Amino acid sequence: MNIHTFELTSILTNDKYYKIQNTLKKKDKSKWKAEHNGMLYFGLRENGILIYMFILKKKNYYSYRIIYRISARRVLEKNNYVDLFDLQLYDDLELEANRLLFEKCNLLPKLNECELTRIDFCYNAELENQHQVKAYIKTIKNGYIPPKHNEFLIYSETGKRYIPPKNDFTFFKDNYVEISIYNKKAQMKQDDYYPKSEIDRASNIVRMEIRCYKKLIREYCEKHNINSLRRFMGCCGALGDELYNKYLLKISGSGSIYTLKETNKRIDMSEFRKKDIRLMKEFVKDINRCGATEIFELYKSKYSKAILKRMIELFEIIDTSFITAPVREAKLFDNGKLPSPLELYYEFS
């Protein structure tokens with residue numbers, strides 16, 4: 001299993017907190033900046049490590065915290081901004097990260113002394129070109145967002161309202177999980193930090209990412225009696241696989257994505273009952289117009305949860321997604337067929 005980023009946190013004593021701050025500020029005078037109730041230190045950014053220090057003010061006392069945000073691949077290969085990190089190499093990463101931290105300040109907590117609060121399971125699906133990547137993201141935006149999850153939106157100054165980002169499809173459940181399918185090159189171009197050669201390397205990549213947060217991580221650790229970071233990293237690939245299979249299936253089903261016209265042809269060829277065929281065509285036409293999330297809720301109330309479940313199962317039988325691709329976008333792919341996110345996971349993970 002591959003990951004991109006993970007975050008660790010530790011509580012410090014008052015004395016250690018200020019000694020670490022002073023050491024880092026003196027060692028790299030231009031590589032830190034003041035933050036609200038703390039500071040950000042980026043003296044190890046080239047090696048994939050950012051350090052946040054802050055004071056949490058509670059009712060009767062102060063809590064002193066440190067957070068490591070680690071871009072895993074770059075700890076061992078600092079100029080690699082595109083490829084991902086294989087968890088089988090975690091021991092090497094931990095050794096190198098601890099060495100880098102110790103060189104900056106011998107009071108900085110080692111990785112295994114910290115609590116894991118976030119981990120991003122990741123894979124790069126490589127298409128043929130950037131045109132296909134853009135077409136894929138546009139198509140997948142019609143995918144289904146499960147109940148109790150919210151779509152990530154940004155504020156549009158032009159429209160004076162919140163809208164989905166153009167280059168990604170992201171939804172989340174607060175403090176639990178975030179699922180994101182996005183145009184990696186477009187994401188990198190938003191930041192002047194990335195070298196052009198690395199941005200160019202990302203031209204064909206649809207990045208698919210599942211970010212796990214503190215509550216989900218804690219549930220998994222309690223369920224499997226995991227009490228150390230090293231043990232978690234050794235067995236959490238099963239968690240990543242479980243989450244990919246769960247969420248990618250929900251987004252669009254496991255079948256390939258076709259145009260509305262081709263999807264209807266495949267429904268006609270199914271030899272299902274006539275009333276099922278009529279309802280499947282109505283279902284996919286409505287999703288083509290409004291998106292899966294809105295239509296799923298409509299069909300639950302208009303028909304029933306059982307009917308909705310049956311519709312999804314019938315599309316699985318004919319190996320066809322319930323979302324459809326615009327004609328112009330479909331033409332960019334061989335035979336006008338787009339692989340589902342789940343198909344891409346099986347191919348590239």
# chains A, B, ... in the order shown; residues from 1 in each chain; ligands from 1
call {"tool": "select_by_dssp", "arguments": {"residues": "range 13-164 of chain A", "states": "strand (DSSP E or B)", "output": "VMD selection string"}}
result
chain A and resid 32 to 35 38 to 41 49 to 57 62 to 71 85 to 86 115 to 126 150 to 151 154 to 156 161 to 163
call {"tool": "residues_around", "arguments": {"residues": "Leu89 in chain A", "least_positions_apart": "2", "cutoff": "12 Å", "atoms": "only C-alpha atoms", "output": "list in words"}}
result
Met1, Asn2, Ile3, Ala72, Arg73, Val75, Leu76, Leu84, Phe85, Asp86, Leu87, Asp91, Asp92, Leu93, Glu94, Leu95, Glu96, Arg230, Met233 and Gly234 of chain A
call {"tool": "write_last_selection", "arguments": {"atoms": "N, CA, C and O atoms", "output": "compact mmCIF listing (two decimals), in the first residue's frame"}}
result
# COMPACT_ATOMS: atom_id res chain seq x y z
N MET A 1 0.85 -1.20 0.00
CA MET A 1 0.00 0.00 0.00
C MET A 1 0.88 1.24 0.00
O MET A 1 1.90 1.29 0.69
N ASN A 2 0.46 2.26 -0.78
CA ASN A 2 1.21 3.52 -0.86
C ASN A 2 0.52 4.62 -0.07
O ASN A 2 -0.70 4.65 0.03
N ILE A 3 1.33 5.51 0.48
CA ILE A 3 0.81 6.70 1.14
C ILE A 3 1.51 7.92 0.59
O ILE A 3 2.54 7.82 -0.09
N ALA A 72 5.97 11.52 2.89
CA ALA A 72 6.78 10.33 3.15
C ALA A 72 7.86 10.07 2.09
O ALA A 72 9.01 9.80 2.43
N ARG A 73 7.51 10.13 0.82
CA ARG A 73 8.48 9.80 -0.23
C ARG A 73 9.70 10.72 -0.17
O ARG A 73 10.84 10.31 -0.40
N VAL A 75 11.14 12.19 2.31
CA VAL A 75 12.10 11.97 3.39
C VAL A 75 13.31 11.20 2.87
O VAL A 75 14.46 11.48 3.21
N LEU A 76 13.05 10.23 2.01
CA LEU A 76 14.12 9.39 1.46
C LEU A 76 14.58 9.87 0.08
O LEU A 76 15.67 9.50 -0.36
N LEU A 84 4.89 8.06 -4.92
CA LEU A 84 4.35 7.81 -3.59
C LEU A 84 5.28 6.92 -2.78
O LEU A 84 6.28 6.43 -3.29
N PHE A 85 4.93 6.73 -1.52
CA PHE A 85 5.78 5.98 -0.60
C PHE A 85 5.19 4.61 -0.30
O PHE A 85 4.02 4.50 0.10
N ASP A 86 5.99 3.57 -0.49
CA ASP A 86 5.58 2.20 -0.20
C ASP A 86 5.77 1.94 1.30
O ASP A 86 6.89 2.06 1.83
N LEU A 87 4.69 1.57 1.97
CA LEU A 87 4.74 1.36 3.42
C LEU A 87 5.72 0.26 3.84
O LEU A 87 6.13 0.21 5.00
N ASP A 91 10.40 1.42 7.95
CA ASP A 91 11.52 1.41 8.90
C ASP A 91 12.64 2.33 8.44
O ASP A 91 13.25 3.04 9.25
N ASP A 92 12.92 2.33 7.12
CA ASP A 92 13.94 3.22 6.57
C ASP A 92 13.54 4.69 6.74
O ASP A 92 14.37 5.54 7.08
N LEU A 93 12.27 4.97 6.50
CA LEU A 93 11.77 6.33 6.65
C LEU A 93 11.90 6.80 8.10
O LEU A 93 12.37 7.91 8.37
N GLU A 94 11.49 5.97 9.03
CA GLU A 94 11.53 6.35 10.45
C GLU A 94 12.97 6.65 10.89
O GLU A 94 13.24 7.64 11.58
N LEU A 95 13.89 5.81 10.47
CA LEU A 95 15.30 6.00 10.82
C LEU A 95 15.83 7.32 10.29
O LEU A 95 16.48 8.09 11.00
N GLU A 96 15.51 7.62 9.02
CA GLU A 96 16.01 8.85 8.40
C GLU A 96 15.33 10.09 8.99
O GLU A 96 15.99 11.10 9.25
N ARG A 230 4.74 2.06 14.70
CA ARG A 230 5.42 1.11 13.81
C ARG A 230 4.50 -0.06 13.45
O ARG A 230 4.45 -0.49 12.30
N MET A 233 1.83 1.13 10.93
CA MET A 233 2.36 1.26 9.58
C MET A 233 2.59 -0.10 8.93
O MET A 233 2.54 -0.24 7.72
N GLY A 234 2.83 -1.11 9.76
CA GLY A 234 3.06 -2.45 9.23
C GLY A 234 1.80 -3.17 8.78
O GLY A 234 1.87 -4.11 7.98
call {"tool": "residues_around", "arguments": {"residues": "Ile267 in chain A", "least_positions_apart": "4", "cutoff": "9 Å", "atoms": "only C-alpha atoms", "output": "VMD selection string"}}
result
chain A and resid 262 to 263 271 to 272 277 280 to 281 315 318 320
call {"tool": "select_by_dssp", "arguments": {"residues": "range 42-273 of chain A", "states": "helix (DSSP H, G or I)", "output": "count of residues only"}}
result
94
call {"tool": "closest_residue", "arguments": {"among": "A:Lys166, A:Lys148, A:Lys33, A:Arg278", "to": "Gln21 in chain A", "atoms": "only C-alpha atoms"}}
result
A:Lys33
call {"tool": "closest_residue", "arguments": {"among": "A:Met39, A:Leu260, A:Cys235, A:Leu314", "to": "Lys337 in chain A", "atoms": "only C-alpha atoms"}}
result
A:Leu260
call {"tool": "closest_atom_pairs", "arguments": {"of": "range 6-88 of chain A", "to": "range 170-192 of chain A", "cutoff": "12 Å", "atoms": "only C-alpha atoms", "output": "CSV"}}
result
residue,atom,partner,partner_atom,distance
A:Tyr81,CA,A:Met188,CA,9.2
A:Val82,CA,A:Lys184,CA,8.4
A:Asp83,CA,A:Lys184,CA,11.0
call {"tool": "write_last_selection", "arguments": {"atoms": "N, CA, C and O atoms", "output": "compact mmCIF listing (two decimals), in the first residue's frame"}}
result
# COMPACT_ATOMS: atom_id res chain seq x y z
N TYR A 81 8.46 14.80 -5.99
CA TYR A 81 7.19 15.37 -5.55
C TYR A 81 5.97 14.63 -6.10
O TYR A 81 4.85 14.99 -5.77
N VAL A 82 6.20 13.65 -6.95
CA VAL A 82 5.10 13.02 -7.68
C VAL A 82 4.85 11.58 -7.22
O VAL A 82 3.70 11.18 -7.00
N ASP A 83 5.91 10.80 -7.08
CA ASP A 83 5.74 9.39 -6.73
C ASP A 83 5.36 9.25 -5.25
O ASP A 83 5.51 10.17 -4.45
call {"tool": "residues_around", "arguments": {"residues": "Ser340 in chain A", "least_positions_apart": "6", "cutoff": "8 Å", "atoms": "only C-alpha atoms", "output": "list in words"}}
result
Ser252, Gly253, Ser254, Gly255, Ser256, Ile257 and Ser321 of chain A
call {"tool": "atom_distance", "arguments": {"atom1": "CA of Asn167 in chain A", "atom2": "CA of Ile137 in chain A"}}
result
6.5 Å
call {"tool": "closest_residue", "arguments": {"among": "A:Tyr61, A:Tyr41, A:Phe296, A:Phe6", "to": "Leu111 in chain A", "atoms": "only C-alpha atoms"}}
result
A:Phe6
call {"tool": "closest_residue", "arguments": {"among": "A:Tyr136, A:Phe348, A:Phe42, A:Tyr62", "to": "Pro326 in chain A", "atoms": "only C-alpha atoms"}}
result
A:Tyr136
call {"tool": "closest_residue", "arguments": {"among": "A:Val206, A:Met311, A:Leu239, A:Leu279", "to": "Lys134 in chain A", "atoms": "only C-alpha atoms"}}
result
A:Val206
call {"tool": "closest_residue", "arguments": {"among": "A:Ile323, A:Ile70, A:Ile140, A:Cys290", "to": "Ile119 in chain A", "atoms": "only C-alpha atoms"}}
result
A:Ile70
call {"tool": "residues_around", "arguments": {"residues": "range 18-20 of chain A", "least_positions_apart": "4", "cutoff": "8 Å", "atoms": "only C-alpha atoms", "output": "list of chain:residue names"}}
result
A:Asn14, A:Leu24, A:Cys105, A:Leu107, A:Leu108
call {"tool": "atom_distance", "arguments": {"atom1": "CA of Pro146 in chain A", "atom2": "CA of Lys246 in chain A"}}
result
10.5 Å
